[in-house]
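Colleague: So here's run_4.cif, just mmCIF, C-alpha atoms:
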```
data_target
loop_
_atom_site.label_atom_id
_atom_site.label_comp_id
_atom_site.auth_asym_id
_atom_site.auth_seq_id
_atom_site.Cartn_x
_atom_site.Cartn_y
_atom_site.Cartn_z
CA MET A 1 -12.27 -30.67 30.65
CA ASN A 2 -9.39 -30.57 33.13
CA ASN A 3 -8.69 -27.62 35.39
CA SER A 4 -5.11 -26.92 34.45
CA ILE A 5 -4.08 -23.40 33.45
CA LEU A 6 -0.95 -22.22 31.69
CA LEU A 7 -0.17 -18.62 32.65
CA VAL A 8 2.53 -17.00 30.49
CA LEU A 9 4.47 -14.23 32.19
CA LYS A 10 7.13 -11.67 31.49
CA ASP A 11 8.10 -8.37 33.09
CA SER A 12 5.25 -6.23 31.79
CA VAL A 13 2.22 -4.32 32.96
CA SER A 14 -0.10 -6.59 30.98
CA SER A 15 1.47 -9.73 32.53
CA ARG A 16 0.86 -8.33 36.00
CA ALA A 17 -2.71 -7.58 34.93
CA ALA A 18 -3.08 -11.21 33.82
CA VAL A 19 -1.94 -12.45 37.27
CA ASP A 20 -4.37 -10.05 39.00
CA TYR A 21 -7.19 -11.18 36.72
CA LEU A 22 -6.56 -14.86 37.43
CA ALA A 23 -6.16 -14.25 41.17
CA LEU A 24 -9.60 -12.65 41.38
CA LEU A 25 -11.52 -15.15 39.26
CA PRO A 26 -14.13 -17.02 41.31
CA PHE A 27 -12.65 -20.51 40.86
CA CYS A 28 -12.73 -23.43 43.24
CA LYS A 29 -9.07 -22.52 43.73
CA ASP A 30 -7.97 -25.53 45.71
CA ASP A 31 -8.68 -27.77 42.71
CA MET A 32 -6.82 -25.68 40.17
CA PHE A 33 -3.43 -26.59 38.74
CA ILE A 34 -1.45 -23.63 37.43
CA THR A 35 1.78 -23.59 35.50
CA LEU A 36 3.59 -20.26 35.38
CA LEU A 37 5.76 -20.03 32.30
CA ASN A 38 8.43 -17.66 31.09
CA VAL A 39 9.83 -18.28 27.63
CA PHE A 40 13.22 -17.14 26.36
CA ARG A 41 13.48 -15.86 22.82
CA LYS A 42 16.68 -16.12 20.81
CA PRO A 43 18.59 -12.93 21.65
CA SER A 44 18.59 -10.02 19.26
CA VAL A 45 21.92 -8.67 18.05
CA SER A 46 21.94 -5.90 20.65
CA GLU A 47 21.09 -8.37 23.42
CA GLU A 48 23.91 -10.67 22.27
CA LEU A 49 26.32 -7.76 22.57
CA MET A 50 25.43 -7.46 26.25
CA GLY A 51 27.14 -10.80 26.91
CA ALA A 52 26.77 -13.77 29.25
CA ASN A 53 26.34 -11.76 32.49
CA PHE A 54 23.27 -10.08 31.03
CA ALA A 55 21.76 -13.47 30.14
CA GLU A 56 22.35 -14.81 33.68
CA GLU A 57 20.84 -11.72 35.29
CA GLU A 58 17.88 -11.99 32.93
CA SER A 59 17.34 -15.59 34.03
CA ALA A 60 17.30 -14.64 37.72
CA ARG A 61 14.98 -11.71 37.01
CA CYS A 62 12.49 -13.91 35.14
CA MET A 63 12.50 -16.53 37.92
CA ALA A 64 11.74 -13.75 40.42
CA ILE A 65 8.74 -12.71 38.28
CA LEU A 66 7.40 -16.27 38.36
CA GLU A 67 7.94 -16.56 42.13
CA ASN A 68 6.21 -13.23 42.81
CA ALA A 69 3.25 -14.36 40.72
CA LYS A 70 3.13 -17.66 42.64
CA ASP A 71 3.08 -15.77 45.97
CA LYS A 72 0.29 -13.53 44.77
CA LEU A 73 -1.83 -16.46 43.57
CA ALA A 74 -1.20 -18.33 46.86
CA LYS A 75 -2.34 -15.26 48.82
CA HIS A 76 -5.56 -15.34 46.83
CA GLY A 77 -6.35 -18.91 47.77
CA PHE A 78 -4.58 -21.05 45.17
CA ASN A 79 -2.78 -24.05 46.59
CA PRO A 80 0.97 -23.34 46.22
CA GLU A 81 1.62 -27.07 45.87
CA ASN A 82 -0.46 -27.00 42.68
CA ILE A 83 1.56 -24.16 41.15
CA GLU A 84 4.48 -25.16 38.96
CA LEU A 85 7.12 -22.75 37.64
CA ILE A 86 8.76 -23.27 34.23
CA LEU A 87 11.60 -21.09 33.04
CA ALA A 88 12.10 -22.20 29.44
CA LYS A 89 15.71 -21.06 29.07
CA GLU A 90 16.44 -22.92 25.85
CA PRO A 91 15.62 -20.05 23.51
CA TYR A 92 12.90 -20.28 20.87
CA PRO A 93 12.91 -18.27 17.59
CA THR A 94 9.80 -16.43 18.83
CA VAL A 95 7.94 -16.28 22.13
CA ALA A 96 4.79 -17.57 20.41
CA GLU A 97 6.64 -20.69 19.23
CA GLY A 98 7.92 -21.23 22.75
CA ILE A 99 4.44 -20.96 24.26
CA ILE A 100 2.98 -23.31 21.64
CA ASP A 101 5.70 -25.87 22.32
CA GLN A 102 5.30 -25.67 26.10
CA PHE A 103 1.52 -25.76 25.79
CA LYS A 104 1.68 -28.97 23.77
CA LYS A 105 3.93 -30.60 26.39
CA GLY A 106 1.29 -30.13 29.08
CA ASN A 107 -2.38 -30.93 29.33
CA PHE A 108 -3.89 -27.47 29.73
CA SER A 109 -7.47 -26.39 29.27
CA THR A 110 -6.81 -22.66 29.55
CA LEU A 111 -4.01 -20.36 28.47
CA VAL A 112 -3.72 -16.92 30.04
CA LEU A 113 -1.37 -14.18 28.93
CA GLY A 114 -1.01 -10.42 28.99
CA HIS A 115 -1.51 -8.44 25.81
CA LYS A 116 -0.12 -5.02 25.03
CA LYS A 117 -2.29 -2.98 22.71
CA LYS A 118 -0.48 -2.17 19.47
CA SER A 119 -1.13 -0.13 16.37
CA LYS A 120 -1.80 -2.12 13.20
CA ALA A 121 1.62 -1.17 11.87
CA GLU A 122 3.30 -2.29 15.09
CA GLU A 123 1.35 -5.53 15.02
CA PHE A 124 2.54 -6.18 11.47
CA VAL A 125 6.19 -5.27 11.99
CA LYS A 126 6.70 -6.73 15.44
CA GLY A 127 4.11 -9.48 15.37
CA ASP A 128 1.52 -10.31 18.00
CA VAL A 129 1.81 -13.29 20.33
CA SER A 130 -1.92 -13.48 21.13
CA MET A 131 -2.89 -13.49 17.45
CA LYS A 132 -0.38 -16.23 16.68
CA LEU A 133 -1.68 -18.37 19.54
CA LEU A 134 -5.27 -17.90 18.38
CA ARG A 135 -4.26 -19.08 14.92
CA ALA A 136 -2.11 -21.98 16.05
CA LEU A 137 -3.93 -23.58 18.99
CA GLU A 138 -7.26 -25.34 19.15
CA GLY A 139 -9.36 -26.97 21.86
CA VAL A 140 -8.27 -24.43 24.45
CA ALA A 141 -9.64 -21.25 26.01
CA ILE A 142 -7.22 -18.36 25.47
CA LEU A 143 -7.56 -15.41 27.82
CA SER A 144 -5.63 -12.41 26.52
CA VAL A 145 -5.63 -9.76 29.25
CA THR A 146 -4.98 -6.16 28.19
CA MET B 147 53.82 4.13 -8.93
CA ALA B 148 53.89 0.68 -7.34
CA VAL B 149 50.63 -1.22 -7.26
CA ARG B 150 49.23 -1.42 -3.73
CA GLU B 151 48.16 -4.84 -2.48
CA PHE B 152 45.61 -5.22 0.31
CA THR B 153 45.31 -8.37 2.40
CA ASP B 154 43.54 -6.44 5.19
CA THR B 155 40.46 -4.61 3.88
CA SER B 156 39.43 -2.90 7.14
CA ASP B 157 40.12 0.57 5.72
CA PHE B 158 38.01 0.09 2.59
CA PHE B 159 37.86 3.83 1.91
CA SER B 160 41.56 3.82 1.04
CA ILE B 161 41.26 0.96 -1.49
CA ASP B 162 40.90 2.58 -4.89
CA CYS B 163 41.10 1.94 -8.64
CA GLY B 164 44.27 0.06 -9.64
CA ASP B 165 44.80 -1.42 -6.16
CA LYS B 166 44.79 -5.17 -5.73
CA ILE B 167 42.79 -7.11 -3.15
CA ILE B 168 44.47 -10.39 -2.26
CA ILE B 169 42.25 -13.18 -0.97
CA GLY B 170 44.17 -16.40 -0.35
CA ASP B 171 45.90 -17.25 -3.63
CA LYS B 172 43.52 -15.07 -5.67
CA SER B 173 44.14 -11.50 -6.71
CA TYR B 174 41.59 -8.93 -7.89
CA THR B 175 42.30 -5.52 -9.43
CA VAL B 176 39.88 -2.82 -8.34
CA THR B 177 38.32 -0.94 -11.25
CA GLY B 178 35.72 1.20 -9.49
CA HIS B 179 32.96 1.37 -6.92
CA GLU B 180 29.37 0.23 -7.08
CA LYS B 181 26.77 2.92 -6.82
CA GLU B 182 23.33 3.12 -5.29
CA ARG B 183 21.15 4.26 -8.19
CA ARG B 184 17.81 5.65 -7.08
CA PHE B 185 15.78 8.64 -8.18
CA GLY B 186 18.45 9.68 -10.70
CA ILE B 187 21.08 10.06 -7.96
CA GLU B 188 24.24 7.97 -7.89
CA ASP B 189 25.69 7.42 -4.46
CA PRO B 190 29.04 5.54 -4.37
CA LYS B 191 29.21 2.56 -2.06
CA MET B 192 32.88 2.60 -1.03
CA TRP B 193 32.68 -0.87 0.54
CA VAL B 194 31.50 -2.42 -2.74
CA LYS B 195 34.29 -2.57 -5.31
CA ARG B 196 34.10 -3.38 -8.97
CA ALA B 197 37.06 -5.60 -9.78
CA ILE B 198 38.65 -7.97 -12.26
CA ASP B 199 39.83 -11.45 -11.36
CA ASP B 200 43.53 -11.29 -12.35
CA GLN B 201 43.62 -14.97 -13.30
CA THR B 202 40.45 -15.22 -15.37
CA ASP B 203 39.80 -11.57 -16.40
CA GLU B 204 36.23 -12.05 -15.18
CA LYS B 205 34.47 -8.98 -13.82
CA LYS B 206 33.40 -9.35 -10.20
CA ILE B 207 31.79 -7.37 -7.44
CA ILE B 208 33.73 -7.46 -4.18
CA LYS B 209 31.74 -6.57 -1.08
CA LEU B 210 33.86 -5.63 1.91
CA SER B 211 32.79 -5.62 5.53
CA TYR B 212 30.86 -2.51 6.49
CA LEU B 213 29.13 -2.88 9.84
CA GLU B 214 26.64 -0.05 9.46
CA SER B 215 23.75 0.04 11.92
CA PHE B 216 20.93 2.50 12.36
CA ASP B 217 17.38 2.86 13.62
CA THR B 218 14.61 3.58 11.17
CA LYS B 219 10.93 4.29 11.70
CA LEU B 220 8.16 2.82 9.59
CA ALA B 221 4.70 4.18 10.32
CA GLY B 222 5.94 5.19 13.77
CA VAL B 223 7.44 1.76 14.53
CA LYS B 224 11.13 1.80 15.37
CA ILE B 225 13.20 -0.89 13.65
CA LYS B 226 16.88 -1.56 14.27
CA CYS B 227 18.63 -2.14 10.93
CA PHE B 228 22.20 -3.26 10.35
CA ARG B 229 24.46 -4.75 7.71
CA ASN B 230 25.28 -8.37 8.35
CA PRO B 231 28.07 -9.55 6.00
CA GLU B 232 28.27 -12.95 7.71
CA LYS B 233 24.60 -13.54 6.97
CA GLU B 234 25.13 -12.73 3.29
CA GLY B 235 28.11 -15.10 3.22
CA ARG B 236 26.07 -17.93 4.70
CA ILE B 237 23.23 -17.30 2.27
CA LEU B 238 25.69 -17.41 -0.64
CA ASP B 239 26.74 -20.87 0.52
CA LEU B 240 23.11 -21.94 0.88
CA VAL B 241 22.03 -20.71 -2.57
CA TRP B 242 25.02 -21.96 -4.53
CA ASP B 243 23.72 -22.89 -8.02
CA HIS B 244 20.22 -21.61 -7.16
CA PRO B 245 19.04 -19.79 -10.32
CA TYR B 246 17.10 -17.09 -8.45
CA PHE B 247 19.95 -15.72 -6.31
CA MET B 248 23.16 -13.91 -7.15
CA GLN B 249 26.14 -16.24 -6.95
CA GLY B 250 29.38 -15.80 -5.08
CA LYS B 251 31.66 -16.96 -2.30
CA ALA B 252 32.49 -15.50 1.10
CA TYR B 253 36.04 -15.35 2.42
CA HIS B 254 37.82 -13.75 5.37
CA ASP B 255 40.82 -11.47 4.95
CA SER B 256 43.96 -11.41 7.12
CA ASN B 257 42.09 -9.32 9.71
CA ASN B 258 39.04 -11.63 9.68
CA ASN B 259 36.89 -9.18 7.71
CA ASN B 260 34.21 -10.88 5.67
CA ILE B 261 34.71 -10.43 1.91
CA ARG B 262 32.17 -11.61 -0.63
CA VAL B 263 33.25 -12.11 -4.24
CA ILE B 264 30.12 -11.91 -6.36
CA ASN B 265 29.38 -12.77 -10.00
CA ILE B 266 27.68 -9.90 -11.80
CA VAL B 267 24.02 -10.49 -12.67
CA ARG B 268 23.44 -8.82 -16.02
CA GLY B 269 20.16 -7.13 -16.81
CA PRO B 270 17.92 -4.28 -15.66
CA ASN B 271 16.68 -4.18 -12.12
CA PHE B 272 12.96 -4.70 -11.58
CA PHE B 273 12.38 -1.00 -10.96
CA ASN B 274 13.74 -0.13 -14.41
CA TYR B 275 12.24 -3.20 -16.05
CA ILE B 276 8.68 -2.24 -15.09
CA ASN B 277 9.46 1.37 -15.97
CA SER B 278 10.28 0.22 -19.50
CA PHE B 279 6.53 -0.34 -20.00
CA SER B 280 5.73 3.28 -19.20
CA GLN B 281 4.40 3.90 -22.69
CA VAL B 282 2.10 0.88 -22.62
CA GLU B 283 -1.49 1.62 -21.59
CA HIS B 284 -2.23 -0.03 -18.22
CA LYS B 285 -5.16 -2.17 -19.41
CA ARG B 286 -3.09 -3.65 -22.19
CA TYR B 287 -0.14 -4.14 -19.80
CA PHE B 288 -2.45 -5.82 -17.29
CA TYR B 289 -3.84 -8.42 -19.69
CA LYS B 290 -0.89 -8.95 -22.05
CA ILE B 291 2.29 -8.41 -20.04
CA LEU B 292 1.49 -8.84 -16.36
CA PRO B 293 0.54 -12.57 -16.51
CA GLU B 294 4.05 -13.51 -17.60
CA ILE B 295 5.57 -11.17 -14.99
CA LEU B 296 3.47 -12.78 -12.25
CA LYS B 297 4.48 -16.28 -13.30
CA LYS B 298 8.16 -15.33 -13.05
CA MET B 299 7.53 -13.46 -9.83
CA VAL B 300 6.10 -16.61 -8.25
CA LYS B 301 9.48 -18.28 -8.82
CA ALA B 302 11.27 -15.35 -7.19
CA PHE B 303 8.88 -15.42 -4.24
CA GLU B 304 9.45 -19.18 -3.90
CA ALA B 305 13.15 -18.38 -3.65
CA ILE B 306 12.45 -16.11 -0.66
CA ARG B 307 10.37 -18.91 0.87
CA PHE B 308 13.44 -21.13 0.45
CA LEU B 309 15.49 -18.61 2.47
CA HIS B 310 12.86 -18.36 5.19
CA ASN B 311 12.59 -22.14 5.42
CA HIS B 312 16.31 -22.16 6.18
CA GLY B 313 15.93 -19.47 8.83
CA PHE B 314 17.33 -16.56 6.79
CA ARG B 315 15.78 -13.22 5.87
CA HIS B 316 16.66 -11.39 2.68
CA GLY B 317 16.47 -8.23 4.78
CA ASP B 318 16.09 -5.60 2.07
CA ILE B 319 13.45 -6.65 -0.43
CA ARG B 320 12.91 -3.80 -2.89
CA ASN B 321 12.35 -3.50 -6.60
CA ASP B 322 15.99 -2.63 -7.33
CA HIS B 323 17.23 -5.74 -5.54
CA ILE B 324 15.74 -8.01 -8.17
CA ILE B 325 17.51 -8.23 -11.51
CA PHE B 326 15.72 -9.36 -14.64
CA GLU B 327 18.58 -11.54 -15.82
CA ARG B 328 18.89 -11.17 -19.58
CA LYS B 329 20.56 -14.53 -20.17
CA THR B 330 17.87 -16.62 -18.42
CA GLY B 331 14.85 -14.36 -18.07
CA ASN B 332 14.86 -15.16 -14.33
CA TYR B 333 14.15 -12.62 -11.62
CA VAL B 334 17.31 -12.89 -9.54
CA TRP B 335 17.65 -11.61 -5.97
CA ILE B 336 20.73 -9.60 -5.08
CA ASP B 337 22.14 -7.84 -1.99
CA PHE B 338 21.10 -9.74 1.10
CA ASP B 339 23.54 -8.27 3.61
CA TYR B 340 20.91 -6.08 5.27
CA ASP B 341 19.18 -7.34 8.35
CA TYR B 342 16.84 -6.04 10.99
CA SER B 343 15.91 -6.89 14.54
CA ALA B 344 12.64 -8.72 14.56
CA THR B 345 10.87 -10.26 17.50
CA GLU B 346 7.60 -12.08 17.00
CA ASN B 347 7.36 -11.62 13.24
CA PRO B 348 10.86 -12.45 12.00
CA PHE B 349 9.94 -12.47 8.31
CA GLY B 350 7.38 -9.65 8.42
CA MET B 351 9.45 -7.00 6.67
CA ASP B 352 10.46 -9.45 3.92
CA ILE B 353 6.79 -10.26 3.37
CA PHE B 354 5.95 -6.58 3.31
CA GLY B 355 8.70 -6.11 0.70
CA LEU B 356 7.14 -8.84 -1.44
CA GLY B 357 3.80 -7.04 -1.15
CA ASN B 358 5.44 -3.88 -2.44
CA ILE B 359 6.99 -5.73 -5.39
CA LEU B 360 3.57 -7.16 -6.24
CA LEU B 361 1.94 -3.73 -5.88
CA TYR B 362 4.58 -2.20 -8.14
CA SER B 363 4.03 -4.90 -10.77
CA ILE B 364 0.23 -4.80 -10.80
CA GLY B 365 0.11 -1.01 -10.72
CA LYS B 366 2.87 -0.65 -13.37
CA GLY B 367 4.62 1.56 -10.84
CA PHE B 368 3.68 3.02 -7.49
CA HIS B 369 0.88 5.57 -7.18
CA ASP B 370 1.18 7.97 -4.27
CA LEU B 371 -1.15 10.64 -3.00
CA TYR B 372 1.00 13.46 -4.37
CA MET B 373 0.76 12.03 -7.90
CA ILE B 374 -2.97 11.41 -7.51
CA MET B 375 -3.58 15.00 -6.38
CA HIS B 376 -1.35 16.68 -8.95
CA ASN B 377 -1.90 14.63 -12.10
CA THR B 378 -5.65 14.91 -12.54
CA SER B 379 -5.42 14.15 -16.25
CA MET B 380 -4.32 10.63 -15.35
CA TYR B 381 -6.04 10.08 -12.00
CA LYS B 382 -9.17 12.21 -12.66
CA ASP B 383 -11.48 12.25 -9.60
CA LEU B 384 -9.68 9.42 -7.77
CA GLN B 385 -8.64 11.69 -4.87
CA ASP B 386 -12.32 12.30 -4.05
CA ARG B 387 -13.00 8.56 -3.81
CA LEU B 388 -10.14 7.56 -1.56
CA GLU B 389 -10.16 6.63 2.11
CA THR B 390 -7.31 6.16 4.57
CA SER B 391 -7.84 2.40 4.41
CA ASP B 392 -6.94 2.44 0.68
CA PHE B 393 -3.30 3.25 1.50
CA SER B 394 -0.37 1.18 2.66
CA LEU B 395 -0.15 0.01 6.25
CA LEU B 396 3.43 1.26 6.52
CA ASP B 397 3.47 4.12 3.99
CA LYS B 398 0.49 6.39 4.38
CA TRP B 399 0.97 8.07 0.99
CA ARG B 400 1.16 4.91 -1.15
CA LEU B 401 -2.06 3.70 -2.80
CA VAL B 402 -2.71 -0.01 -2.29
CA ASN B 403 -6.33 -0.29 -3.37
CA LEU B 404 -5.50 -0.26 -7.09
CA ARG B 405 -9.04 -1.36 -8.02
CA LYS B 406 -10.18 2.20 -7.37
CA LEU B 407 -7.74 3.35 -10.04
CA TYR B 408 -8.06 0.41 -12.42
CA PRO B 409 -11.55 -1.11 -11.88
CA TYR B 410 -10.82 -4.07 -14.20
CA ILE B 411 -8.33 -5.49 -11.66
CA PRO B 412 -10.24 -8.50 -10.30
CA LYS B 413 -11.23 -8.34 -6.65
CA MET B 414 -9.37 -11.58 -5.94
CA LEU B 415 -6.05 -10.06 -7.05
CA ASN B 416 -6.73 -6.71 -5.43
CA ASN B 417 -7.51 -8.50 -2.15
CA ILE B 418 -3.93 -9.78 -2.00
CA LEU B 419 -2.74 -6.18 -2.09
CA MET B 420 -5.31 -5.15 0.50
CA HIS B 421 -3.59 -7.42 3.04
CA PHE B 422 -0.91 -4.70 3.09
CA SER B 423 -3.34 -1.83 3.52
CA LYS B 424 -4.28 0.19 6.54
CA GLY B 425 -7.77 -1.28 6.32
CA SER B 426 -6.65 -4.87 6.78
CA TYR B 427 -7.15 -6.93 9.93
CA ILE B 428 -5.53 -10.02 8.47
CA TYR B 429 -1.88 -10.16 7.44
CA TYR B 430 0.20 -12.74 5.64
CA ASP B 431 2.33 -14.67 8.13
CA THR B 432 4.35 -16.65 5.60
CA VAL B 433 5.42 -16.44 1.96
CA ASP B 434 3.46 -19.64 1.41
CA GLU B 435 0.20 -17.83 2.12
CA ILE B 436 0.87 -15.05 -0.40
CA LEU B 437 2.10 -17.57 -2.99
CA GLU B 438 -1.06 -19.62 -2.65
CA ASP B 439 -3.20 -16.53 -3.34
CA ILE B 440 -1.10 -15.34 -6.30
CA ASN B 441 -1.13 -18.80 -7.89
CA ARG B 442 -4.90 -18.99 -7.50
CA CYS B 443 -5.19 -15.64 -9.31
CA ILE B 444 -2.85 -16.64 -12.12
CA TYR B 445 -4.86 -19.74 -12.90
CA SER B 446 -8.32 -18.30 -12.43
CA ILE B 447 -7.81 -14.85 -13.97
CA PHE B 448 -5.19 -15.12 -16.67
CA ASP B 449 -5.24 -18.75 -17.85
#
```
Mind turning this structure into structure tokens?

Modeller:
Amino acid sequence: MNNSILLVLKDSVSSRAAVDYLALLPFCKDDMFITLLNVFRKPSVSEELMGANFAEEESARCMAILENAKDKLAKHGFNPENIELILAKEPYPTVAEGIIDQFKKGNFSTLVLGHKKKSKAEEFVKGDVSMKLLRALEGVAILSVT
Amino acid sequence: MAVREFTDTSDFFSIDCGDKIIIGDKSYTVTGHEKERRFGIEDPKMWVKRAIDDQTDEKKIIKLSYLESFDTKLAGVKIKCFRNPEKEGRILDLVWDHPYFMQGKAYHDSNNNNIRVINIVRGPNFFNYINSFSQVEHKRYFYKILPEILKKMVKAFEAIRFLHNHGFRHGDIRNDHIIFERKTGNYVWIDFDYDYSATENPFGMDIFGLGNILLYSIGKGFHDLYMIMHNTSMYKDLQDRLETSDFSLLDKWRLVNLRKLYPYIPKMLNNILMHFSKGSYIYYDTVDEILEDINRCIYSIFD
């Protein structure tokens, strides 16, 4: 078992909770390798209408989220040289597909992500990233932080 | 009065009977408007013209560009819906010669509006087709008529899988958007210009629509709480035996657990429906999954 973690982030309360959770886990932090990932989904019609400027601003905003998370983890004892940032700007049809693809490109033992609680109806209509990852991935620990 | 000819269809409200729509070197005479026919009400769709091809005398449906968009709520979940004529045009190209989809071609007028010229699919829609068995007792319908319906439905569901595999959604799967084509006996999908914003579950609403079609077929119609409470001669004590989890995930009045109404429906078949109920924790992710379950039922229950 290696000690490489993939932490999926976006601008959400549950993502921030996932960073806090990881920061406070009693690891031997100097030995941990962490990849912070933000995945772009193909834009919805309304997002497309917002144009290229919106997409550029979104990119910068997402990179700032990853950098803030890196700072926080470094403050809690993780070695910043072992923290990689990936902004997957080539959009995927769904975030879950993006995470699965990025996960398979690396050699991770643990996947951490935030999870927003949804009603059953909302889960059906909008889908649920954590559930999709649980179904699709194997041989990995998935920590879904609510 | 001189015949009016339209090469720009932007103002589709002003295009009326007797007018001609010119698309390239083709000319179509408008004879009327299509209507939304639900619940005994006819609502004219001014952007969908009935027309005759002036060269061949063939009747056609001409769908003009109407970029309607609105938000709807299903079980408290907001969904952005919109008409997407370009999507319908691209699907028409994809399904050319496919026996389970309406046939037609998409063009652009002089103002770049998308125009789809559609061949008419002749036959009753699925809503009316199932209604035509209203006088047949359910048990007899279930054992004698439903097996054939399910076999044909599998083909129609496979057609939706074909769309999904090519990255398209139908967008508005309902029982009046399938036509029981008289000439072939096929269940043919029509009207795929609707679309909705979807994030992590891009085909979820299509799959839910398929669940509703299946529910409508197996139940020989929908059964809602109002009917169950007010028609005690048919439903007897059913209302006393129902729980919230027996109803649809997205329509709290619609009964999904049909086995409580018709106990001879095998559990295996009823379980497919229960994936769409409030009580379910497992949902179908793909059309393949629902097809696999239906096929298993057809061969183990009816064959």

Colleague: Give me the residues within 8 Å of Lys181 (chain B) as a PyMOL selection string, counting all atoms listed in the file and dropping any in the same chain fewer than 5 places off.

Modeller: chain B and resi 188-191

Colleague: Which one of A:Ile65, A:Val95, A:Leu137, A:Met131 sits closest to chain B if you count only C-alpha atoms?

Modeller: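 Between A:Ile65, A:Val95, A:Leu137, A:Met131, the residue approaching chain B most closely is A:Val95.
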
Colleague: Translate the PyMOL selection byres ((chain B) within 7 of (chain A)) into a concrete residue list for this structure, as a list in words.

Modeller: Ala221, Val223, Ser343, Ala344, Thr345, Glu346, Asn347, Gly350, Met351, Leu395 and Leu396 of chain B

Colleague: Could you check the closest approach to Phe33 (chain A) for each of A:Val13, A:Leu73, A:Ala60, A:Ala136 and tell me which residue wins, using all atoms listed in the file?

Modeller: A:Leu73

Colleague: Quick one: of A:Val140, A:His115, A:Thr110, A:Ala64, who's nearest to Ser12 (chain A), counting all atoms listed in the file?

Modeller: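 Closest candidate: A:His115.
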
Colleague: Nearest residue to Leu111 (chain A) out of A:Asn68, A:Asp30, A:Ala88, A:Val145, using only C-alpha atoms?

Modeller: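 Checking each of A:Asn68, A:Asp30, A:Ala88, A:Val145 against Leu111 (chain A), counting only C-alpha atoms, the winner is A:Val145.
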
Colleague: Give the answer as one residue: which of B:Arg328, B:Arg150, B:Arg405, B:His323 has the shortest atom-to-atom distance to Leu361 (chain B), using all atoms listed in the file?

Modeller: B:Arg405

Colleague: If the PyMOL selection byres ((chain B and resi 353-355) around 8) were run on this exact file, what residues would it hold? Put them as a ChimeraX atom specification.

Modeller: /B:318-320,349-352,356-359,422,430-433

Colleague: Contacts of Ile440 (chain B) at 8 Å or less, counting only C-alpha atoms, minus same-chain residues fewer than 3 places along, as a ChimeraX atom specification?

Modeller: /B:296,300,415,418,436-437,443-444

Colleague: May I have the residues from that selection written out with C-alpha atoms, as a CSV table (one decimal), in the frame of the given file?

Modeller:
```
chain,number,residue,atom,x,y,z
B,296,LEU,CA,3.5,-12.8,-12.2
B,300,VAL,CA,6.1,-16.6,-8.2
B,415,LEU,CA,-6.0,-10.1,-7.0
B,418,ILE,CA,-3.9,-9.8,-2.0
B,436,ILE,CA,0.9,-15.0,-0.4
B,437,LEU,CA,2.1,-17.6,-3.0
B,443,CYS,CA,-5.2,-15.6,-9.3
B,444,ILE,CA,-2.8,-16.6,-12.1
```

Colleague: To one decimal place in Å, what is the distance between CA of Arg268 (chain B) and CA of Asp339 (chain B)?

Modeller: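 Taking CA of Arg268 (chain B) and CA of Asp339 (chain B), their separation equals 19.6 Å.
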
Colleague: Could you jot down the CA of His254 (chain B) to CA of Ser211 (chain B) separation for me, Å, one decimal place?

Modeller: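 CA of Ser211 (chain B) lies at a distance of 9.6 Å from CA of His254 (chain B).
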
Colleague: Could you tell me how far CA of His179 (chain B) lies from CA of Leu309 (chain B), in Å and to one decimal?

Modeller: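 If I compute the distance from CA of His179 (chain B) to CA of Leu309 (chain B), I get 28.2 Å.
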
Colleague: Convert the output of the PyMOL selection byres ((chain B and resi 416) around 12) on the shown file into explicit residues, formatted as a ChimeraX atom specification.

Modeller: /B:357,360-361,364-365,392,401-415,417-423,439-440,443,447

Colleague: Using only C-alpha atoms, pick whichever of B:Val267, B:Glu234, B:Arg262, B:Phe272 has the shortest atom-to-atom distance to Lys205 (chain B).

Modeller: B:Val267

Colleague: Using all atoms listed in the file, which protein or nucleic acid residues come within 9 Å of region 239-243 of chain B? Drop anything in the same chain fewer than 6 positions from it, and give the result as a JSON list (two decimals) with C-alpha atoms, in the coordinates of the input.

Modeller:
```json
[["chain", "number", "residue", "atom", "x", "y", "z"],
["B", 249, "GLN", "CA", 26.14, -16.24, -6.95],
["B", 250, "GLY", "CA", 29.38, -15.80, -5.08],
["B", 251, "LYS", "CA", 31.66, -16.96, -2.30],
["B", 252, "ALA", "CA", 32.49, -15.50, 1.10],
["B", 309, "LEU", "CA", 15.49, -18.61, 2.47],
["B", 312, "HIS", "CA", 16.31, -22.16, 6.18]]
```

Colleague: Hey, what's within 8 Å of Asp154 (chain B) if we count all atoms listed in the file and toss same-chain stuff fewer than 4 positions away? As a ChimeraX atom specification, please?

Modeller: /B:255-257,259

Colleague: Could you pull out every residue with an atom within 9 Å of (4.4, -23.9, 38.6), file coordinates, counting only C-alpha atoms, and send them as JSON, numbers by chain?

Modeller: {"A": [6, 33, 34, 35, 36, 37, 66, 67, 70, 80, 81, 82, 83, 84, 85, 86]}
